[in-house]
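Enquirer: Next comes data-v6.cif, mmCIF, C-alpha atoms:
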```
data_upload
#
loop_
_atom_site.label_atom_id
_atom_site.label_comp_id
_atom_site.auth_asym_id
_atom_site.auth_seq_id
_atom_site.Cartn_x
_atom_site.Cartn_y
_atom_site.Cartn_z
CA MET A 1 25.16 -25.85 -47.45
CA THR A 2 23.48 -23.01 -49.35
CA ASN A 3 22.36 -19.89 -47.51
CA GLU A 4 18.74 -20.77 -48.42
CA ASP A 5 19.00 -24.21 -46.78
CA LEU A 6 20.64 -22.64 -43.78
CA LEU A 7 17.99 -19.93 -43.48
CA SER A 8 15.24 -22.53 -43.60
CA LYS A 9 16.86 -24.52 -40.78
CA LEU A 10 17.48 -21.36 -38.77
CA LYS A 11 13.84 -20.35 -39.13
CA THR A 12 12.71 -23.70 -37.71
CA ILE A 13 15.08 -23.27 -34.75
CA ILE A 14 14.00 -19.74 -33.84
CA GLU A 15 10.26 -20.28 -34.33
CA PRO A 16 9.46 -21.58 -30.79
CA TYR A 17 11.13 -18.54 -29.20
CA VAL A 18 9.61 -15.83 -31.41
CA GLN A 19 7.07 -13.53 -29.73
CA ASN A 20 6.39 -11.32 -32.74
CA GLN A 21 4.83 -13.58 -35.43
CA GLU A 22 4.65 -10.73 -37.93
CA GLY A 23 8.42 -10.43 -37.70
CA LEU A 24 8.74 -14.13 -38.48
CA GLN A 25 6.48 -13.84 -41.55
CA ASN A 26 8.63 -10.98 -42.83
CA LEU A 27 11.90 -12.75 -42.03
CA SER A 28 14.80 -11.34 -44.04
CA GLU A 29 18.54 -11.25 -43.61
CA ASN A 30 18.21 -7.91 -41.85
CA THR A 31 15.84 -9.30 -39.22
CA ASN A 32 17.11 -8.62 -35.69
CA PHE A 33 16.24 -11.38 -33.22
CA ILE A 34 15.64 -9.06 -30.27
CA ASP A 35 14.16 -5.97 -31.95
CA ASP A 36 12.11 -7.60 -34.72
CA LEU A 37 11.23 -11.01 -33.29
CA GLU A 38 11.12 -10.07 -29.58
CA ILE A 39 13.25 -13.03 -28.50
CA ASN A 40 14.67 -12.31 -25.03
CA SER A 41 18.35 -12.69 -24.21
CA ALA A 42 17.78 -15.92 -22.25
CA ASN A 43 15.99 -17.54 -25.19
CA LEU A 44 18.68 -16.25 -27.53
CA VAL A 45 21.05 -18.57 -25.63
CA ASP A 46 18.66 -21.45 -26.40
CA VAL A 47 18.71 -20.49 -30.09
CA ILE A 48 22.52 -20.67 -30.05
CA LEU A 49 22.51 -24.06 -28.26
CA ASP A 50 19.95 -25.41 -30.77
CA VAL A 51 22.10 -24.11 -33.64
CA GLU A 52 25.09 -25.99 -32.18
CA ASP A 53 23.09 -29.24 -32.05
CA GLU A 54 21.54 -28.82 -35.50
CA PHE A 55 24.79 -28.04 -37.33
CA GLY A 56 27.24 -29.96 -35.14
CA ILE A 57 29.32 -26.85 -34.45
CA GLU A 58 30.48 -24.99 -31.36
CA ILE A 59 29.75 -21.29 -31.00
CA ASP A 60 32.15 -19.29 -28.84
CA ASN A 61 31.48 -16.02 -27.00
CA ASP A 62 32.56 -13.92 -29.99
CA GLY A 63 30.17 -15.82 -32.26
CA MET A 64 27.36 -15.44 -29.74
CA ASP A 65 27.94 -11.67 -29.53
CA LYS A 66 27.70 -11.38 -33.33
CA MET A 67 24.60 -13.52 -33.80
CA LEU A 68 21.98 -10.82 -33.33
CA THR A 69 20.63 -10.77 -36.89
CA VAL A 70 19.79 -13.43 -39.47
CA LYS A 71 22.62 -12.24 -41.74
CA ALA A 72 25.25 -12.30 -39.01
CA SER A 73 24.05 -15.73 -37.82
CA ILE A 74 24.32 -17.22 -41.30
CA GLU A 75 27.86 -15.81 -41.60
CA VAL A 76 28.91 -17.26 -38.23
CA ILE A 77 27.37 -20.67 -39.00
CA GLN A 78 28.91 -20.83 -42.53
CA ASP A 79 32.26 -19.85 -41.02
CA LYS A 80 32.10 -22.60 -38.39
CA LEU A 81 30.90 -25.18 -40.95
CA ALA A 82 33.81 -24.29 -43.25
CA SER A 83 36.38 -24.82 -40.48
CA LYS A 84 34.91 -28.12 -39.35
CA MET B 1 33.79 -20.42 -1.67
CA THR B 2 32.14 -21.76 1.48
CA LYS B 3 28.42 -22.43 1.87
CA GLU B 4 28.17 -19.59 4.40
CA GLN B 5 29.87 -17.16 2.00
CA ILE B 6 27.28 -17.96 -0.67
CA ILE B 7 24.43 -16.95 1.66
CA LYS B 8 26.26 -13.75 2.63
CA LYS B 9 26.46 -12.80 -1.05
CA LEU B 10 22.72 -13.16 -1.62
CA PRO B 11 21.09 -9.85 -2.58
CA TYR B 12 17.97 -10.47 -0.44
CA GLU B 13 16.92 -9.64 3.10
CA ALA B 14 13.87 -10.19 5.30
CA PRO B 15 11.05 -10.58 4.50
CA PHE B 16 12.25 -11.90 1.15
CA LEU B 17 15.31 -13.95 2.05
CA PHE B 18 14.33 -17.60 1.69
CA VAL B 19 17.57 -19.49 2.34
CA ASP B 20 18.52 -20.76 5.81
CA GLU B 21 21.27 -23.19 4.93
CA ILE B 22 23.20 -24.61 1.99
CA THR B 23 23.93 -28.26 2.79
CA ALA B 24 26.00 -29.25 -0.28
CA VAL B 25 27.29 -27.54 -3.40
CA ASP B 26 29.54 -28.38 -6.34
CA GLU B 27 29.86 -27.40 -10.01
CA ASP B 28 26.81 -29.46 -11.01
CA LYS B 29 24.36 -29.33 -8.11
CA ILE B 30 23.28 -27.67 -4.89
CA THR B 31 21.04 -28.53 -1.94
CA GLY B 32 19.71 -26.28 0.78
CA ASN B 33 16.72 -25.62 3.01
CA TYR B 34 14.39 -23.01 4.42
CA SER B 35 11.99 -23.17 7.39
CA LEU B 36 8.86 -21.13 6.85
CA LYS B 37 8.14 -18.93 9.84
CA THR B 38 4.65 -19.06 11.25
CA ASP B 39 4.37 -15.27 10.86
CA GLU B 40 5.60 -14.85 7.25
CA TYR B 41 3.93 -11.73 5.82
CA PHE B 42 2.03 -13.55 3.08
CA TYR B 43 0.10 -15.87 5.41
CA LYS B 44 -2.13 -12.94 6.42
CA GLY B 45 -3.79 -12.89 3.01
CA HIS B 46 -3.11 -16.32 1.51
CA PHE B 47 -5.68 -17.42 2.35
CA LYS B 48 -8.15 -15.55 4.58
CA ASP B 49 -8.15 -17.40 7.93
CA HIS B 50 -6.44 -20.34 6.22
CA PRO B 51 -2.68 -19.84 5.83
CA ILE B 52 -0.96 -21.90 3.09
CA THR B 53 2.39 -21.07 1.48
CA PRO B 54 1.76 -19.55 -1.98
CA GLY B 55 3.15 -21.41 -5.01
CA VAL B 56 4.99 -18.26 -6.06
CA ILE B 57 6.82 -18.28 -2.72
CA LEU B 58 7.71 -21.99 -3.10
CA THR B 59 9.00 -21.12 -6.58
CA GLU B 60 11.00 -18.23 -5.08
CA ILE B 61 12.55 -20.53 -2.46
CA MET B 62 13.48 -22.97 -5.24
CA ALA B 63 14.96 -20.14 -7.31
CA GLN B 64 16.94 -18.56 -4.44
CA ILE B 65 18.55 -21.87 -3.44
CA GLY B 66 18.61 -23.73 -6.75
CA LEU B 67 19.45 -20.94 -9.18
CA VAL B 68 20.83 -17.88 -7.36
CA CYS B 69 23.01 -19.69 -4.78
CA LEU B 70 24.36 -22.06 -7.46
CA GLY B 71 24.92 -19.08 -9.79
CA ILE B 72 26.90 -17.23 -7.11
CA PHE B 73 29.01 -20.36 -6.55
CA LEU B 74 29.64 -20.87 -10.29
CA CYS B 75 30.58 -17.20 -10.82
CA ASP B 76 33.06 -17.16 -7.96
CA ASP B 77 36.55 -16.50 -9.25
CA GLY B 78 38.11 -15.78 -5.89
CA VAL B 79 37.81 -12.02 -6.30
CA ASN B 80 35.82 -10.68 -3.38
CA SER B 81 34.76 -7.42 -4.97
CA GLN B 82 32.61 -9.13 -7.57
CA ILE B 83 28.97 -9.77 -6.85
CA ALA B 84 26.95 -12.16 -9.00
CA ARG B 85 23.58 -10.84 -10.11
CA VAL B 86 20.88 -13.22 -11.25
CA ALA B 87 17.79 -12.29 -13.23
CA MET B 88 15.23 -15.07 -13.48
CA SER B 89 14.19 -15.62 -17.09
CA SER B 90 11.82 -18.58 -16.96
CA THR B 91 10.12 -20.98 -14.58
CA SER B 92 7.99 -24.04 -15.09
CA VAL B 93 6.99 -25.65 -11.81
CA ASP B 94 4.47 -28.35 -10.88
CA PHE B 95 3.16 -28.56 -7.31
CA PHE B 96 2.35 -31.79 -5.50
CA LYS B 97 1.81 -30.97 -1.82
CA THR B 98 0.84 -27.96 0.26
CA VAL B 99 3.31 -26.36 2.68
CA LEU B 100 1.94 -24.99 5.94
CA PRO B 101 3.34 -22.32 8.27
CA GLY B 102 6.33 -23.64 10.24
CA GLU B 103 7.27 -26.39 7.77
CA LYS B 104 10.85 -26.93 6.61
CA VAL B 105 11.46 -27.46 2.91
CA LYS B 106 14.54 -28.87 1.23
CA VAL B 107 15.59 -27.89 -2.27
CA LYS B 108 17.71 -29.94 -4.67
CA SER B 109 18.94 -28.42 -7.90
CA GLU B 110 20.87 -29.96 -10.78
CA LYS B 111 22.54 -27.84 -13.43
CA GLU B 112 21.25 -28.53 -16.92
CA TYR B 113 23.66 -26.06 -18.47
CA PHE B 114 25.51 -22.84 -17.73
CA ARG B 115 26.51 -21.19 -20.99
CA PHE B 116 26.65 -17.63 -22.31
CA ASN B 117 25.65 -16.43 -18.80
CA LYS B 118 22.44 -18.48 -18.80
CA LEU B 119 22.02 -20.96 -15.98
CA LYS B 120 19.26 -23.54 -16.39
CA CYS B 121 18.49 -25.99 -13.58
CA LYS B 122 16.17 -28.85 -12.77
CA VAL B 123 14.90 -28.04 -9.29
CA SER B 124 12.83 -30.10 -6.87
CA MET B 125 11.50 -29.39 -3.37
CA TYR B 126 10.78 -31.88 -0.58
CA ASN B 127 9.11 -31.51 2.84
CA ASP B 128 10.52 -32.79 6.12
CA ASP B 129 9.02 -36.25 5.42
CA ASP B 130 11.02 -36.30 2.14
CA LYS B 131 7.82 -36.15 0.11
CA LEU B 132 7.94 -34.28 -3.19
CA VAL B 133 6.38 -30.82 -2.83
CA ALA B 134 7.29 -29.22 -6.16
CA LYS B 135 9.42 -29.89 -9.22
CA GLY B 136 10.36 -27.92 -12.27
CA VAL B 137 12.85 -26.09 -14.42
CA ILE B 138 14.14 -22.62 -13.55
CA ALA B 139 16.51 -20.50 -15.61
CA GLY B 140 18.14 -17.11 -15.30
CA MET B 141 20.85 -14.86 -16.60
CA VAL B 142 23.85 -14.69 -14.28
CA ALA B 143 26.49 -12.00 -14.49
CA ASN B 144 29.26 -10.62 -12.30
CA LEU B 145 29.05 -6.98 -11.30
CA ASP B 146 32.03 -5.19 -9.87
#
```
Hey, can you dump this file as structure tokens for me?
Expert:
Amino acid sequence: MTNEDLLSKLKTIIEPYVQNQEGLQNLSENTNFIDDLEINSANLVDVILDVEDEFGIEIDNDGMDKMLTVKASIEVIQDKLASK
Amino acid sequence: MTKEQIIKKLPYEAPFLFVDEITAVDEDKITGNYSLKTDEYFYKGHFKDHPITPGVILTEIMAQIGLVCLGIFLCDDGVNSQIARVAMSSTSVDFFKTVLPGEKVKVKSEKEYFRFNKLKCKVSMYNDDDKLVAKGVIAGMVANLD
């Protein structure tokens, strides 16, 4: 899966949890879920669970800790997809 | 961990402790109850001359039994020094019946998931006639503090 495809899917997943719509419009790989999109830590868990369902992967605690930005999330997801 | 030990670990006290008894608990679900006293502090103002238990208090009872008590049970690793802390992160509750001063309510909670410290439960409340009082989904972040 290309990073562009992955980003598009990720954007759909995070959209319901985003409080800062401006942050979503300006989504880039440097976007931070908590600082830029104002997703709270409880909803960040829902993002991770939705990512697991969408991509058929399992995220562990280390992966969860890393997935705070778009860039880091794409890296974790690509990594898990590659080892499937 | 026994049902009594769970209640002892709760971080609340009067007038904001809303758990009398845990009647059953396992990894997936918990049940418990609370009897509303006729002189609970909130009846004075809710409503004027017409005391009815506020929905926020019913929600709190559901959260203390269904989320916090279950969270304490799930976090128990046999080490006594650790205390589970629970911060409620979301609630969505529908109400079906009023609860008057002196009534006993029973709470049933089923774990939807407990992952990455987030506990999400389907929680329902019944009165002493086993009629549905309230039902919803409550979630919170649960963590052990030393």
Enquirer: With 9 Å as the cut-off and only C-alpha atoms counted, what is the closest atom pair between each nearby residue of range 3-66 of chain A and range 86-101 of chain B? Distances in Å to one decimal, ordered by chain and number, as a tab-separated table.
Expert:
```
residue	atom	partner	partner_atom	distance
A:Asn40	CA	B:Ser89	CA	8.6
A:Ser41	CA	B:Ser89	CA	8.8
A:Ala42	CA	B:Ser89	CA	6.3
A:Asn43	CA	B:Ser89	CA	8.5
```
Enquirer: Within 12 Å of Glu40 in chain B, counting all atoms listed in the file, which residues qualify if same-chain residues fewer than 6 places away don't, as number ranges by chain?
Expert: B: 14-18, 46, 51-54, 57, 100-103
Enquirer: One number please: CA of Ala143 in chain B to CA of Asp76 in chain B, in Å, one decimal.
Expert: 10.6 Å
Enquirer: Using Å and a single decimal, report how far CA of Ile72 in chain B sits from CA of Leu145 in chain B.
Expert: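 Taking CA of Leu145 in chain B and CA of Ile72 in chain B, their separation equals 11.3 Å.
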Enquirer: Please, which residues of chain B lie no more than 9 Å from chain A when the count uses all atoms listed in the file, and can they be set out as a list in words?
Expert: Ser89, Ser90, Arg115, Phe116, Asn117, Lys118, Ala139, Gly140 and Met141 of chain B
Enquirer: For Ile6 in chain B, list every protein, DNA or RNA residue within 9 Å, evaluated using only C-alpha atoms, and leave out those in the same chain fewer than 2 positions away; present the list as a list of chain:residue names.
Expert: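 The residues satisfying every condition are B:Met1, B:Thr2, B:Lys3, B:Glu4, B:Lys8, B:Lys9, B:Leu10, B:Ile22, B:Cys69, B:Leu70, B:Ile72, B:Phe73.
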Enquirer: Ranking A:Leu37, A:Val18, A:Ile57, A:Val51 by minimum distance to Leu6 in chain A and counting all atoms listed in the file, which one comes first?
Expert: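 Counting all atoms listed in the file, the residue closest to Leu6 in chain A is A:Val51.
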Enquirer: Have a look at CA of Thr2 in chain A and CA of Ile14 in chain A and let me know their distance in Å, one decimal.
Expert: 18.5 Å
Enquirer: Run the PyMOL selection byres ((chain B and resi 104) around 8) mentally over the shown coordinates, then write out the matched residues as a VMD selection string, using the chain letters and numbers from the document.
Expert: chain B and resid 33 to 36 102 to 103 105 to 106 127 to 128
Enquirer: Going by the chain IDs and residue numbers used in this file, which residues fall under the PyMOL selection byres ((chain A and resi 20-22) around 10)? Write them as a PyMOL selection string.
Expert: chain A and resi 15+17-19+23-27+33-39
Enquirer: Compare A:Ile13, A:Leu68, A:Leu7, A:Met1 by their minimum atom-to-atom distance to Glu54 in chain A, counting only C-alpha atoms, and give me the closest one.
Expert: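 Between A:Ile13, A:Leu68, A:Leu7, A:Met1, the residue approaching Glu54 in chain A most closely is A:Ile13.
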Enquirer: Under the rule that only C-alpha atoms are counted, which of B:Ser109, B:Ser124, B:Gln64, B:Asn144 is the nearest residue to Ala24 in chain B?
Expert: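 The answer is B:Ser109, which sits nearest to Ala24 in chain B.
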Enquirer: Could you tell me which residues the PyMOL selection byres ((chain B and resi 32) around 7) grabs in this file, written as a PyMOL selection string?
Expert: chain B and resi 21-23+30-31+33+65+106-108
Enquirer: Using all atoms listed in the file, which residue out of A:Val47, A:Ile77, A:Met67, A:Ala82 lies closest to Asn30 in chain A?
Expert: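 Smallest distance to Asn30 in chain A is found for A:Met67.
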Enquirer: Using all atoms listed in the file, pick whichever of B:Val123, B:Leu74, B:Val19, B:Ile7 has the shortest atom-to-atom distance to Lys135 in chain B.
Expert: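 The shortest atom-to-atom distance to Lys135 in chain B comes from B:Val123.
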Enquirer: Pick from A:Asn3, A:Glu29, A:Asp50, A:Gly56: nearest to Val70 in chain A, with all atoms listed in the file counted?
Expert: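 Ranking A:Asn3, A:Glu29, A:Asp50, A:Gly56 by distance to Val70 in chain A, first place goes to A:Glu29.
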Enquirer: Just want the 7 Å neighbourhood of Lys122 in chain B, counted on all atoms listed in the file, with same-chain residues fewer than 2 positions away dropped. Output as a list in words.
Expert: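 Non-adjacent residues within range: Ser109, Glu110, Lys111, Glu112, Ser124, Gly136, Val137 and Ile138 of chain B.
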Enquirer: Please produce a file of the residues just selected, as a tab-separated table (two decimals), in the frame of the given file, where the atoms kept are C-alpha atoms.
Expert:
```
chain	number	residue	atom	x	y	z
B	109	SER	CA	18.94	-28.42	-7.90
B	110	GLU	CA	20.87	-29.96	-10.78
B	111	LYS	CA	22.54	-27.84	-13.43
B	112	GLU	CA	21.25	-28.53	-16.92
B	124	SER	CA	12.83	-30.10	-6.87
B	136	GLY	CA	10.36	-27.92	-12.27
B	137	VAL	CA	12.85	-26.09	-14.42
B	138	ILE	CA	14.14	-22.62	-13.55
```
